[in-house]
file start_20.csv (CSV, C-alpha atoms and all ligand atoms)
chain,number,residue,atom,x,y,z
A,237,MET,CA,173.0,35.1,-9.9
A,238,SER,CA,171.6,32.3,-11.9
A,239,ALA,CA,168.3,32.8,-13.7
A,240,PRO,CA,165.3,31.8,-11.7
A,241,THR,CA,164.6,28.1,-12.3
A,242,ALA,CA,161.6,27.6,-10.0
A,243,ALA,CA,158.2,27.3,-11.4
A,244,LEU,CA,156.0,30.3,-11.1
A,245,ALA,CA,155.2,30.7,-7.4
A,246,ALA,CA,151.9,29.6,-6.1
A,247,ALA,CA,149.5,32.1,-4.5
A,248,PHE,CA,150.2,32.2,-0.8
A,249,GLY,CA,148.0,29.6,1.0
A,250,GLU,CA,146.5,29.2,4.4
A,251,HIS,CA,148.5,26.1,5.2
A,252,ALA,CA,151.8,27.9,4.6
A,253,LEU,CA,150.6,30.6,7.0
A,254,GLN,CA,149.8,28.0,9.6
A,255,ARG,CA,153.4,26.9,9.4
A,256,VAL,CA,154.6,30.4,9.9
A,257,ALA,CA,152.3,30.8,12.9
A,258,ALA,CA,153.5,27.7,14.6
A,259,ALA,CA,157.3,28.3,14.2
A,260,SER,CA,159.5,29.2,17.2
A,261,PRO,CA,161.8,30.9,16.8
A,262,LEU,CA,160.3,32.7,13.8
A,263,LEU,CA,162.6,35.1,12.0
A,264,ALA,CA,160.3,37.3,9.8
A,265,LEU,CA,162.3,39.3,7.3
A,266,PHE,CA,160.7,42.0,5.2
A,267,ASP,CA,162.0,44.0,2.2
A,268,ILE,CA,160.9,47.6,2.5
A,269,ASP,CA,160.3,49.3,-0.9
A,270,GLY,CA,157.6,47.6,-2.9
A,271,THR,CA,156.9,45.1,0.0
A,272,LEU,CA,156.1,47.0,3.2
A,273,ALA,CA,156.0,50.5,1.6
A,274,PRO,CA,154.2,51.0,-1.8
A,275,LEU,CA,156.6,52.5,-4.4
A,276,ALA,CA,156.7,56.2,-4.4
A,277,PRO,CA,158.0,58.9,-6.8
A,278,ARG,CA,161.2,59.5,-4.8
A,279,PRO,CA,162.9,57.5,-2.0
A,280,GLN,CA,162.1,60.2,0.6
A,281,ASP,CA,158.3,60.0,-0.3
A,282,ALA,CA,158.0,56.3,0.6
A,283,ARG,CA,155.9,55.5,3.7
A,284,VAL,CA,154.9,52.3,5.5
A,285,PRO,CA,151.2,52.6,6.3
A,286,GLU,CA,150.5,53.2,10.0
A,287,ASP,CA,148.4,50.0,10.5
A,288,ALA,CA,151.2,47.9,8.9
A,289,ARG,CA,153.8,49.6,11.3
A,290,ARG,CA,151.5,48.8,14.3
A,291,ALA,CA,151.2,45.1,13.1
A,292,LEU,CA,155.0,44.9,12.7
A,293,ALA,CA,155.5,46.2,16.2
A,294,ARG,CA,153.1,43.7,17.6
A,295,LEU,CA,154.8,40.9,15.7
A,296,ALA,CA,158.2,42.0,17.0
A,297,ALA,CA,156.9,41.9,20.6
A,298,ALA,CA,155.5,38.4,20.3
A,299,PRO,CA,157.3,35.6,22.1
A,300,GLY,CA,159.6,33.6,19.9
A,301,VAL,CA,159.6,36.1,17.1
A,302,TYR,CA,162.4,38.2,15.6
A,303,VAL,CA,161.5,40.8,13.0
A,304,GLY,CA,164.0,42.1,10.5
A,305,LEU,CA,164.1,44.5,7.6
A,306,VAL,CA,166.3,43.6,4.6
A,307,THR,CA,166.6,46.5,2.3
A,308,GLY,CA,168.7,48.0,-0.5
A,309,ARG,CA,168.6,51.3,1.4
A,310,GLY,CA,171.2,52.2,3.9
A,311,ALA,CA,170.4,50.4,7.2
A,312,ASP,CA,169.9,53.7,9.1
A,313,ASP,CA,167.6,55.0,6.3
A,314,GLY,CA,165.6,51.7,6.3
A,315,ALA,CA,165.2,51.9,10.1
A,316,ARG,CA,164.1,55.5,9.9
A,317,LEU,CA,161.5,54.8,7.3
A,318,VAL,CA,159.9,52.0,9.4
A,319,GLY,CA,160.5,53.8,12.6
A,320,LEU,CA,160.2,50.9,15.1
A,321,PRO,CA,162.6,49.8,17.9
A,322,GLY,CA,163.6,46.2,18.4
A,323,LEU,CA,164.1,45.2,14.8
A,324,TRP,CA,167.2,43.8,13.0
A,325,VAL,CA,168.0,45.9,10.0
A,326,VAL,CA,170.0,44.6,7.0
A,327,GLY,CA,170.9,47.4,4.7
A,328,ASN,CA,172.8,48.1,1.4
A,329,HIS,CA,171.6,44.7,0.0
A,330,GLY,CA,173.3,42.7,2.7
A,331,VAL,CA,176.4,44.7,3.3
A,332,GLU,CA,175.5,46.0,6.8
A,333,THR,CA,173.4,44.5,9.6
A,334,VAL,CA,172.4,46.6,12.6
A,335,ASP,CA,171.1,44.7,15.7
A,336,PRO,CA,168.3,46.1,17.9
A,337,ASP,CA,171.0,47.3,20.4
A,338,GLY,CA,172.6,49.4,17.6
A,339,THR,CA,175.6,47.0,17.0
A,340,ARG,CA,176.6,47.3,13.4
A,341,HIS,CA,178.2,44.5,11.4
A,342,ILE,CA,179.8,45.2,8.0
A,343,ALA,CA,180.5,42.3,5.8
A,344,PRO,CA,184.3,42.0,5.8
A,345,GLU,CA,184.4,41.3,2.1
A,346,VAL,CA,183.4,44.8,1.2
A,347,LEU,CA,185.8,46.7,3.5
A,348,PRO,CA,188.6,47.1,1.0
A,349,PHE,CA,186.2,48.7,-1.6
A,350,ALA,CA,184.7,51.6,0.4
A,351,GLU,CA,186.7,54.3,-1.3
A,352,ARG,CA,185.7,53.0,-4.7
A,353,VAL,CA,182.0,53.7,-4.0
A,354,ALA,CA,182.8,57.2,-2.8
A,355,ARG,CA,184.8,57.9,-6.0
A,356,ALA,CA,182.0,56.6,-8.2
A,357,ALA,CA,179.5,58.9,-6.3
A,358,ASP,CA,181.8,61.9,-7.0
A,359,ALA,CA,182.0,60.9,-10.6
A,360,LEU,CA,178.3,60.6,-10.9
A,361,ALA,CA,177.3,63.8,-9.1
A,362,GLY,CA,177.6,66.0,-12.3
A,363,PRO,CA,175.9,63.6,-14.8
A,364,VAL,CA,173.0,62.9,-12.5
A,365,ALA,CA,172.5,66.6,-11.6
A,366,ALA,CA,172.4,67.3,-15.4
A,367,VAL,CA,169.3,65.2,-15.8
A,368,PRO,CA,166.1,66.9,-14.5
A,369,GLY,CA,164.3,64.4,-12.2
A,370,ALA,CA,167.2,62.1,-11.7
A,371,LEU,CA,168.5,61.5,-8.2
A,372,LEU,CA,171.7,60.1,-6.8
A,373,GLU,CA,171.2,58.2,-3.5
A,374,ASP,CA,174.6,57.7,-1.9
A,375,LYS,CA,174.4,54.9,0.7
A,376,THR,CA,178.1,54.7,1.4
A,377,TRP,CA,178.3,51.0,0.5
A,378,SER,CA,176.3,51.3,-2.7
A,379,LEU,CA,174.7,53.9,-4.9
A,380,SER,CA,171.2,54.2,-6.4
A,381,VAL,CA,170.7,56.4,-9.5
A,382,HIS,CA,167.0,57.0,-9.7
A,383,TRP,CA,165.3,57.8,-13.0
A,384,ARG,CA,161.6,57.4,-12.2
A,385,LEU,CA,161.0,61.1,-12.5
A,386,ALA,CA,163.4,61.7,-15.5
A,387,ASP,CA,162.5,62.2,-19.1
A,388,PRO,CA,162.7,58.6,-20.6
A,389,ALA,CA,164.7,60.1,-23.5
A,390,SER,CA,167.5,60.9,-21.0
A,391,VAL,CA,167.7,57.5,-19.5
A,392,PRO,CA,170.2,55.8,-22.0
A,393,ALA,CA,172.8,58.6,-21.5
A,394,LEU,CA,172.3,58.4,-17.7
A,395,ALA,CA,172.8,54.6,-17.9
A,396,ALA,CA,175.9,55.0,-19.9
A,397,ALA,CA,177.4,57.4,-17.3
A,398,VAL,CA,176.5,55.0,-14.5
A,399,HIS,CA,178.1,52.0,-16.2
A,400,ALA,CA,181.2,54.1,-17.0
A,401,ALA,CA,181.7,55.3,-13.4
A,402,ALA,CA,181.1,51.8,-12.1
A,403,ALA,CA,183.5,50.2,-14.5
A,404,GLN,CA,186.2,52.8,-13.7
A,405,GLU,CA,186.1,51.7,-10.1
A,406,GLY,CA,185.5,47.9,-10.7
A,407,LEU,CA,182.0,48.1,-9.3
A,408,ARG,CA,178.9,46.3,-10.7
A,409,VAL,CA,175.6,47.7,-11.8
A,410,HIS,CA,172.2,46.1,-11.8
A,411,GLU,CA,168.8,47.4,-12.7
A,412,GLY,CA,166.2,47.8,-10.0
A,413,LYS,CA,162.8,49.4,-10.2
A,414,MET,CA,163.6,52.5,-12.2
A,415,ILE,CA,167.0,52.7,-10.6
A,416,HIS,CA,170.6,51.7,-11.5
A,417,GLU,CA,172.1,50.1,-8.4
A,418,VAL,CA,175.9,50.4,-8.2
A,419,LYS,CA,177.3,47.8,-5.9
A,420,ILE,CA,180.6,46.4,-4.7
A,421,ASP,CA,181.6,43.2,-6.6
A,422,ALA,CA,181.6,40.7,-3.7
A,423,GLU,CA,179.7,37.6,-2.7
A,424,VAL,CA,177.5,39.6,-0.4
A,425,ASP,CA,173.8,40.0,-0.9
A,426,LYS,CA,170.4,39.9,0.9
A,427,GLY,CA,170.7,36.1,0.9
A,428,THR,CA,174.1,35.8,2.6
A,429,ALA,CA,173.1,38.4,5.2
A,430,SER,CA,169.7,36.7,5.8
A,431,LEU,CA,171.3,33.3,6.2
A,432,ALA,CA,173.9,34.7,8.6
A,433,LEU,CA,171.2,36.4,10.7
A,434,ALA,CA,169.0,33.2,10.7
A,435,ARG,CA,172.0,31.2,11.9
A,436,ARG,CA,172.9,33.7,14.6
A,437,LEU,CA,169.3,33.7,15.9
A,438,GLY,CA,168.8,29.9,15.7
A,439,ALA,CA,165.9,30.2,13.3
A,440,LEU,CA,166.9,27.3,11.1
A,441,GLY,CA,166.5,24.7,13.8
A,442,PRO,CA,163.9,22.0,13.9
A,443,GLU,CA,161.1,24.1,15.3
A,444,GLY,CA,162.3,27.4,13.7
A,445,LEU,CA,161.4,29.1,10.4
A,446,VAL,CA,162.7,32.0,8.4
A,447,LEU,CA,160.0,33.9,6.5
A,448,PHE,CA,161.3,36.3,3.7
A,449,ILE,CA,159.0,38.6,1.8
A,450,GLY,CA,160.4,40.8,-1.1
A,451,ASP,CA,159.4,42.2,-4.4
A,452,ASP,CA,162.6,42.8,-6.4
A,453,ARG,CA,165.6,41.2,-8.2
A,454,THR,CA,167.8,41.5,-5.1
A,455,ASP,CA,165.3,39.7,-3.0
A,456,GLU,CA,165.7,36.7,-5.4
A,457,ASP,CA,169.2,36.3,-3.8
A,458,ALA,CA,167.5,35.7,-0.5
A,459,PHE,CA,164.8,33.4,-1.9
A,460,ARG,CA,167.5,31.3,-3.7
A,461,ARG,CA,169.9,31.1,-0.8
A,462,LEU,CA,167.3,30.5,1.9
A,463,ARG,CA,165.5,27.8,-0.1
A,464,GLY,CA,168.8,26.2,-1.0
A,465,ALA,CA,170.0,26.1,2.6
A,466,SER,CA,167.1,24.9,4.5
A,467,ALA,CA,163.6,23.4,4.5
A,468,HIS,CA,162.9,25.8,7.4
A,469,ALA,CA,162.5,28.8,5.1
A,470,LEU,CA,159.3,30.2,3.6
A,471,THR,CA,159.7,32.7,0.8
A,472,ILE,CA,157.2,35.0,-0.8
A,473,ARG,CA,157.5,37.2,-3.9
A,474,VAL,CA,155.4,40.3,-4.1
A,475,GLY,CA,154.4,40.9,-7.7
A,476,THR,CA,152.5,39.6,-10.7
A,477,ALA,CA,152.0,36.0,-11.4
A,478,GLU,CA,154.0,36.2,-14.7
A,479,GLN,CA,157.3,36.9,-12.9
A,480,GLU,CA,159.7,34.0,-12.6
A,481,THR,CA,161.0,33.6,-9.1
A,482,HIS,CA,162.9,31.5,-6.7
A,483,ALA,CA,160.2,32.2,-4.1
A,484,ALA,CA,157.8,29.4,-3.2
A,485,TRP,CA,154.8,31.7,-2.8
A,486,ARG,CA,153.5,34.8,-4.3
A,487,VAL,CA,151.2,37.7,-3.3
A,488,ASP,CA,150.2,40.6,-5.5
A,489,ALA,CA,151.0,43.8,-3.7
A,490,PRO,CA,152.1,45.5,-0.4
A,491,THR,CA,148.4,45.5,0.7
A,492,ASP,CA,148.5,41.7,0.6
A,493,VAL,CA,151.6,41.7,2.8
A,494,HIS,CA,149.8,43.9,5.3
A,495,ALA,CA,146.8,41.5,5.3
A,496,LEU,CA,149.2,38.6,5.8
A,497,LEU,CA,150.7,40.3,8.8
A,498,ASP,CA,147.3,40.8,10.4
A,499,ARG,CA,146.3,37.1,9.8
A,500,LEU,CA,149.7,36.0,11.2
A,501,LEU,CA,149.1,38.0,14.3
A,502,ALA,CA,145.7,36.6,14.8
A,503,LEU,CA,146.9,33.0,14.4
A,504,ARG,CA,149.7,33.6,16.9
A,505,GLY,CA,147.4,35.3,19.3
A,506,ALA,CA,149.7,38.2,19.3
B,1,LIG,O1,165.5,46.3,-1.2
B,1,LIG,P1,164.5,47.4,-1.2
B,1,LIG,O2,164.2,47.9,0.2
B,1,LIG,O3,163.3,47.2,-2.0
B,1,LIG,O4,165.3,48.6,-1.8
B,1,LIG,C1,165.4,48.8,-3.3
B,1,LIG,C2,165.6,50.2,-3.6
B,1,LIG,O5,164.4,50.9,-3.0
B,1,LIG,C3,164.3,52.3,-3.1
B,1,LIG,O6,164.1,52.6,-4.5
B,1,LIG,C4,162.8,52.1,-4.9
B,1,LIG,O7,161.8,52.8,-4.0
B,1,LIG,C5,161.6,54.2,-4.2
B,1,LIG,C6,160.6,54.7,-3.2
B,1,LIG,O8,159.4,54.0,-3.4
B,1,LIG,C7,161.3,54.5,-5.7
B,1,LIG,O9,161.2,55.9,-5.9
B,1,LIG,C8,162.3,53.9,-6.6
B,1,LIG,O10,162.0,54.1,-8.0
B,1,LIG,C9,162.5,52.4,-6.3
B,1,LIG,O11,163.5,51.8,-7.1
B,1,LIG,C10,165.6,52.9,-2.5
B,1,LIG,O12,165.5,54.3,-2.8
B,1,LIG,C11,166.9,52.3,-3.0
B,1,LIG,O13,167.9,52.8,-2.2
B,1,LIG,C12,166.8,50.8,-2.8
B,1,LIG,O14,168.0,50.2,-3.3
call {"tool": "encode", "arguments": {"input": "start_20.csv", "output": "C-alpha cells"}}
result
Amino acid sequence: MSAPTAALAAAFGEHALQRVAAASPLLALFDIDGTLAPLAPRPQDARVPEDARRALARLAAAPGVYVGLVTGRGADDGARLVGLPGLWVVGNHGVETVDPDGTRHIAPEVLPFAERVARAADALAGPVAAVPGALLEDKTWSLSVHWRLADPASVPALAAAVHAAAAQEGLRVHEGKMIHEVKIDAEVDKGTASLALARRLGALGPEGLVLFIGDDRTDEDAFRRLRGASAHALTIRVGTAEQETHAAWRVDAPTDVHALLDRLLALRGA
C-alpha cells in the first residue's frame, strides 16, 4: 500500500452526516476492533456495547440500508462478536465475505495458499507458547500473533519468529495494534472486498453511498480504494488527529462512532 497522501482528515461534520442520512441504498460498513468495540486485553475480551448493538440492529432494519462488518477477525468470529442477524460480514481482512443468508465467498486469489497459512500456524505454535502473555489467533486465512499482554522485552524475539515463519511460507507480515498479522500475499484487502460488496448491492449508484468507518492500518486499504473508485463513498478514521489517513473524516474513539450511529438513526427516522 502507498503511504497516505491525504491531508489530515477533518473532524466529522453534520453536513457529511446529512449526506449519509439521505443516501439510498446506503451501505454502512464498520470495522469491529477499535471502531465498534473498544480495544481489550485479549481478542476474546472484546465487546460491542449493548446500546451500539441495538443501534446497529435498527440501522440494518431501516429501508434502503445494508449494514456490514469488515474485520481482520475470521468472519464467523466477527459475526459472533457483534451477534446480530441480517448483516454482511467481511472477515480476514477481505478474504472472506459471508452474506446474511450464510453464503460464503472466498476471494479466489487466496485459494492456492491455504496450506501455507496452516503450516505457518504450526511453526508458530511453539514460539508463541514460549512467550507468557502472547497469543496465536489462527483464522484459517490469516494469523494474528498478539503481544499486548507479553513482556515488551520478549517482543523482538517473537517478531523474529513470526517473520521467519511467514518468510518460509511466502506470506507477508504487517503490524497491527500490538499484533503481528500474517497474511497471504495477494491483492485482496478490506478495500477490494468492500468495493466488491458495494457493487453487488448497487451502493455506488447516483443515489447510493458507501460509509466506511475504521481505525487501523488495514482500514486504510478501504479508505484508499473507496475514495479512489467513487465520489459515493464517505470514509471515517477513528483515532487521533495526528494520524495521517486516506479517510476524509475523523472521529476520536468508538464512543464517537456509537454517537454517530444514534444521530444517523435519528436523521433517517429509523
Ligand atoms: O480489522 P479489525 O476488526 O480491527 O481487526 C484487527 C484485529 O483485531 C483484533 O485484535 C485487536 O483487538 C483485540 C481485542 O480488542 C486486542 O486485544 C488486540 O491487541 C488488537 O490488535 C483481532 O483479534 C485480530 O484478529 C484482528 O486482526
call {"tool": "residues_around", "arguments": {"input": "start_20.csv", "residues": "Glu373 (chain A)", "least_positions_apart": "5", "cutoff": "9 Å", "atoms": "only C-alpha atoms", "output": "ChimeraX atom specification"}}
result
/A:279,309,357,378-382
call {"tool": "residues_near_ligand", "arguments": {"input": "start_20.csv", "ligand": "ligand LIG 1 (chain B)", "cutoff": "8 Å", "atoms": "only C-alpha atoms and all ligand atoms", "output": "ChimeraX atom specification"}}
result
/A:267-271,273-282,306-310,314,328-329,373,375,379-380,382-384,412-415,417,450-452,454-455
call {"tool": "write_last_selection", "arguments": {"input": "start_20.csv", "atoms": "C-alpha atoms", "output": "mmCIF file, in the frame of the given file"}}
result
data_model
loop_
_atom_site.group_PDB
_atom_site.id
_atom_site.type_symbol
_atom_site.label_atom_id
_atom_site.label_comp_id
_atom_site.auth_asym_id
_atom_site.auth_seq_id
_atom_site.Cartn_x
_atom_site.Cartn_y
_atom_site.Cartn_z
ATOM 1 C CA ASP A 267 162.000 44.000 2.200
ATOM 2 C CA ILE A 268 160.900 47.600 2.500
ATOM 3 C CA ASP A 269 160.300 49.300 -0.900
ATOM 4 C CA GLY A 270 157.600 47.600 -2.900
ATOM 5 C CA THR A 271 156.900 45.100 0.000
ATOM 6 C CA ALA A 273 156.000 50.500 1.600
ATOM 7 C CA PRO A 274 154.200 51.000 -1.800
ATOM 8 C CA LEU A 275 156.600 52.500 -4.400
ATOM 9 C CA ALA A 276 156.700 56.200 -4.400
ATOM 10 C CA PRO A 277 158.000 58.900 -6.800
ATOM 11 C CA ARG A 278 161.200 59.500 -4.800
ATOM 12 C CA PRO A 279 162.900 57.500 -2.000
ATOM 13 C CA GLN A 280 162.100 60.200 0.600
ATOM 14 C CA ASP A 281 158.300 60.000 -0.300
ATOM 15 C CA ALA A 282 158.000 56.300 0.600
ATOM 16 C CA VAL A 306 166.300 43.600 4.600
ATOM 17 C CA THR A 307 166.600 46.500 2.300
ATOM 18 C CA GLY A 308 168.700 48.000 -0.500
ATOM 19 C CA ARG A 309 168.600 51.300 1.400
ATOM 20 C CA GLY A 310 171.200 52.200 3.900
ATOM 21 C CA GLY A 314 165.600 51.700 6.300
ATOM 22 C CA ASN A 328 172.800 48.100 1.400
ATOM 23 C CA HIS A 329 171.600 44.700 0.000
ATOM 24 C CA GLU A 373 171.200 58.200 -3.500
ATOM 25 C CA LYS A 375 174.400 54.900 0.700
ATOM 26 C CA LEU A 379 174.700 53.900 -4.900
ATOM 27 C CA SER A 380 171.200 54.200 -6.400
ATOM 28 C CA HIS A 382 167.000 57.000 -9.700
ATOM 29 C CA TRP A 383 165.300 57.800 -13.000
ATOM 30 C CA ARG A 384 161.600 57.400 -12.200
ATOM 31 C CA GLY A 412 166.200 47.800 -10.000
ATOM 32 C CA LYS A 413 162.800 49.400 -10.200
ATOM 33 C CA MET A 414 163.600 52.500 -12.200
ATOM 34 C CA ILE A 415 167.000 52.700 -10.600
ATOM 35 C CA GLU A 417 172.100 50.100 -8.400
ATOM 36 C CA GLY A 450 160.400 40.800 -1.100
ATOM 37 C CA ASP A 451 159.400 42.200 -4.400
ATOM 38 C CA ASP A 452 162.600 42.800 -6.400
ATOM 39 C CA THR A 454 167.800 41.500 -5.100
ATOM 40 C CA ASP A 455 165.300 39.700 -3.000
#
call {"tool": "closest_residue", "arguments": {"input": "start_20.csv", "among": "A:Val493, A:Val424, A:Ala502, A:Ala252", "to": "Gly475 (chain A)", "atoms": "only C-alpha atoms"}}
result
A:Val493
call {"tool": "axis_aligned_box", "arguments": {"input": "start_20.csv", "around": "region 319-325 of chain A", "padding_each_side": "4 Å", "output": "JSON"}}
result
{"center_x": 164.1, "center_y": 48.8, "center_z": 14.2, "size_x": 15.8, "size_y": 18.0, "size_z": 16.4}
call {"tool": "atom_distance", "arguments": {"input": "start_20.csv", "atom1": "CA of Gly304 (chain A)", "atom2": "CA of Ala350 (chain A)"}}
result
24.9 Å
call {"tool": "residues_around", "arguments": {"input": "start_20.csv", "residues": "Ala370 (chain A)", "least_positions_apart": "2", "cutoff": "7 Å", "atoms": "only C-alpha atoms", "output": "PDB file with C-alpha atoms, in the coordinates of the input"}}
result
ATOM      1  CA  VAL A 364     173.000  62.900 -12.500  1.00  0.00           C
ATOM      2  CA  ALA A 365     172.500  66.600 -11.600  1.00  0.00           C
ATOM      3  CA  VAL A 367     169.300  65.200 -15.800  1.00  0.00           C
ATOM      4  CA  PRO A 368     166.100  66.900 -14.500  1.00  0.00           C
ATOM      5  CA  LEU A 372     171.700  60.100  -6.800  1.00  0.00           C
ATOM      6  CA  HIS A 382     167.000  57.000  -9.700  1.00  0.00           C
ATOM      7  CA  TRP A 383     165.300  57.800 -13.000  1.00  0.00           C
ATOM      8  CA  LEU A 385     161.000  61.100 -12.500  1.00  0.00           C
ATOM      9  CA  ALA A 386     163.400  61.700 -15.500  1.00  0.00           C
TER      10      ALA A 386
END
call {"tool": "residues_around", "arguments": {"input": "start_20.csv", "residues": "region 286-298 of chain A", "least_positions_apart": "3", "cutoff": "6 Å", "atoms": "all atoms listed in the file", "output": "list of chain:residue names"}}
result
A:Val301, A:Tyr302, A:Val303, A:His494, A:Ala506
call {"tool": "closest_residue", "arguments": {"input": "start_20.csv", "among": "A:Ala401, A:Ala389, A:Val346, A:Val318", "to": "Ala361 (chain A)", "atoms": "all atoms listed in the file"}}
result
A:Ala401
call {"tool": "atom_distance", "arguments": {"input": "start_20.csv", "atom1": "CA of Leu501 (chain A)", "atom2": "CA of Arg316 (chain A)"}}
result
23.5 Å
call {"tool": "atom_distance", "arguments": {"input": "start_20.csv", "atom1": "CA of Thr471 (chain A)", "atom2": "CA of Val446 (chain A)"}}
result
8.2 Å
call {"tool": "residues_near_point", "arguments": {"input": "start_20.csv", "point": "(160.7, 34.6, 2.3)", "cutoff": "10 Å", "atoms": "all atoms listed in the file", "output": "NGL selection string"}}
result
:A and (263-267 or 430 or 445-450 or 455-456 or 458-460 or 462-463 or 469-473 or 482-486)
call {"tool": "closest_residue", "arguments": {"input": "start_20.csv", "among": "A:Gly441, A:Gly464, A:Pro348, A:Gly300", "to": "Ile420 (chain A)", "atoms": "only C-alpha atoms"}}
result
A:Pro348
call {"tool": "closest_residue", "arguments": {"input": "start_20.csv", "among": "A:Asp421, A:Thr333, A:Asp313, A:Leu323", "to": "Val353 (chain A)", "atoms": "only C-alpha atoms"}}
result
A:Asp421
call {"tool": "closest_residue", "arguments": {"input": "start_20.csv", "among": "A:Gly249, A:Gly319, A:Pro336, A:Gly369", "to": "Asp387 (chain A)", "atoms": "only C-alpha atoms"}}
result
A:Gly369
call {"tool": "closest_residue", "arguments": {"input": "start_20.csv", "among": "A:Leu497, A:Leu317, A:Ala395, A:Ala422", "to": "Glu345 (chain A)", "atoms": "only C-alpha atoms"}}
result
A:Ala422
call {"tool": "residues_around", "arguments": {"input": "start_20.csv", "residues": "Arg352 (chain A)", "least_positions_apart": "6", "cutoff": "8 Å", "atoms": "only C-alpha atoms", "output": "list in words"}}
result
Glu405, Gly406 and Leu407 of chain A
call {"tool": "write_last_selection", "arguments": {"input": "start_20.csv", "atoms": "C-alpha atoms", "output": "compact mmCIF listing (two decimals), in the frame of the given file"}}
result
# COMPACT_ATOMS: atom_id res chain seq x y z
CA GLU A 405 186.10 51.70 -10.10
CA GLY A 406 185.50 47.90 -10.70
CA LEU A 407 182.00 48.10 -9.30
call {"tool": "residues_near_point", "arguments": {"input": "start_20.csv", "point": "(172.5, 37.2, 0.1)", "cutoff": "7 Å", "atoms": "all atoms listed in the file", "output": "ChimeraX atom specification"}}
result
/A:330,424-430,457-458,461
call {"tool": "residues_around", "arguments": {"input": "start_20.csv", "residues": "Glu250 (chain A)", "least_positions_apart": "4", "cutoff": "12 Å", "atoms": "all atoms listed in the file", "output": "MDAnalysis selection string"}}
result
chainID A and resid 246 254:257 485 496 499:500 503
call {"tool": "decode", "arguments": {"input": "start_20.csv", "residues": "region 242-267 of chain A", "atoms": "C-alpha atoms", "output": "mmCIF file, in the first residue's frame"}}
result
data_model
loop_
_atom_site.group_PDB
_atom_site.id
_atom_site.type_symbol
_atom_site.label_atom_id
_atom_site.label_comp_id
_atom_site.auth_asym_id
_atom_site.auth_seq_id
_atom_site.Cartn_x
_atom_site.Cartn_y
_atom_site.Cartn_z
ATOM 1 C CA ALA A 242 -4.384 12.781 2.094
ATOM 2 C CA ALA A 243 -4.246 15.733 4.378
ATOM 3 C CA LEU A 244 -5.171 15.069 7.955
ATOM 4 C CA ALA A 245 -8.837 14.176 7.995
ATOM 5 C CA ALA A 246 -11.324 16.791 9.111
ATOM 6 C CA ALA A 247 -13.393 16.180 12.217
ATOM 7 C CA PHE A 248 -16.651 14.582 11.155
ATOM 8 C CA GLY A 249 -19.246 17.221 10.334
ATOM 9 C CA GLU A 250 -23.022 17.499 10.337
ATOM 10 C CA HIS A 251 -23.250 18.115 6.588
ATOM 11 C CA ALA A 252 -21.462 14.807 5.922
ATOM 12 C CA LEU A 253 -23.923 13.050 8.186
ATOM 13 C CA GLN A 254 -26.826 14.620 6.260
ATOM 14 C CA ARG A 255 -25.377 13.035 3.111
ATOM 15 C CA VAL A 256 -25.257 9.638 4.764
ATOM 16 C CA ALA A 257 -28.780 10.055 6.077
ATOM 17 C CA ALA A 258 -30.181 10.874 2.618
ATOM 18 C CA ALA A 259 -28.490 8.053 0.676
ATOM 19 C CA SER A 260 -30.393 5.062 -0.684
ATOM 20 C CA PRO A 261 -29.114 2.494 -0.858
ATOM 21 C CA LEU A 262 -26.715 3.156 1.975
ATOM 22 C CA LEU A 263 -24.066 0.516 2.602
ATOM 23 C CA ALA A 264 -22.721 1.213 6.095
ATOM 24 C CA LEU A 265 -19.507 -0.716 6.757
ATOM 25 C CA PHE A 266 -17.908 -0.904 10.180
ATOM 26 C CA ASP A 267 -14.588 -2.292 11.317
#
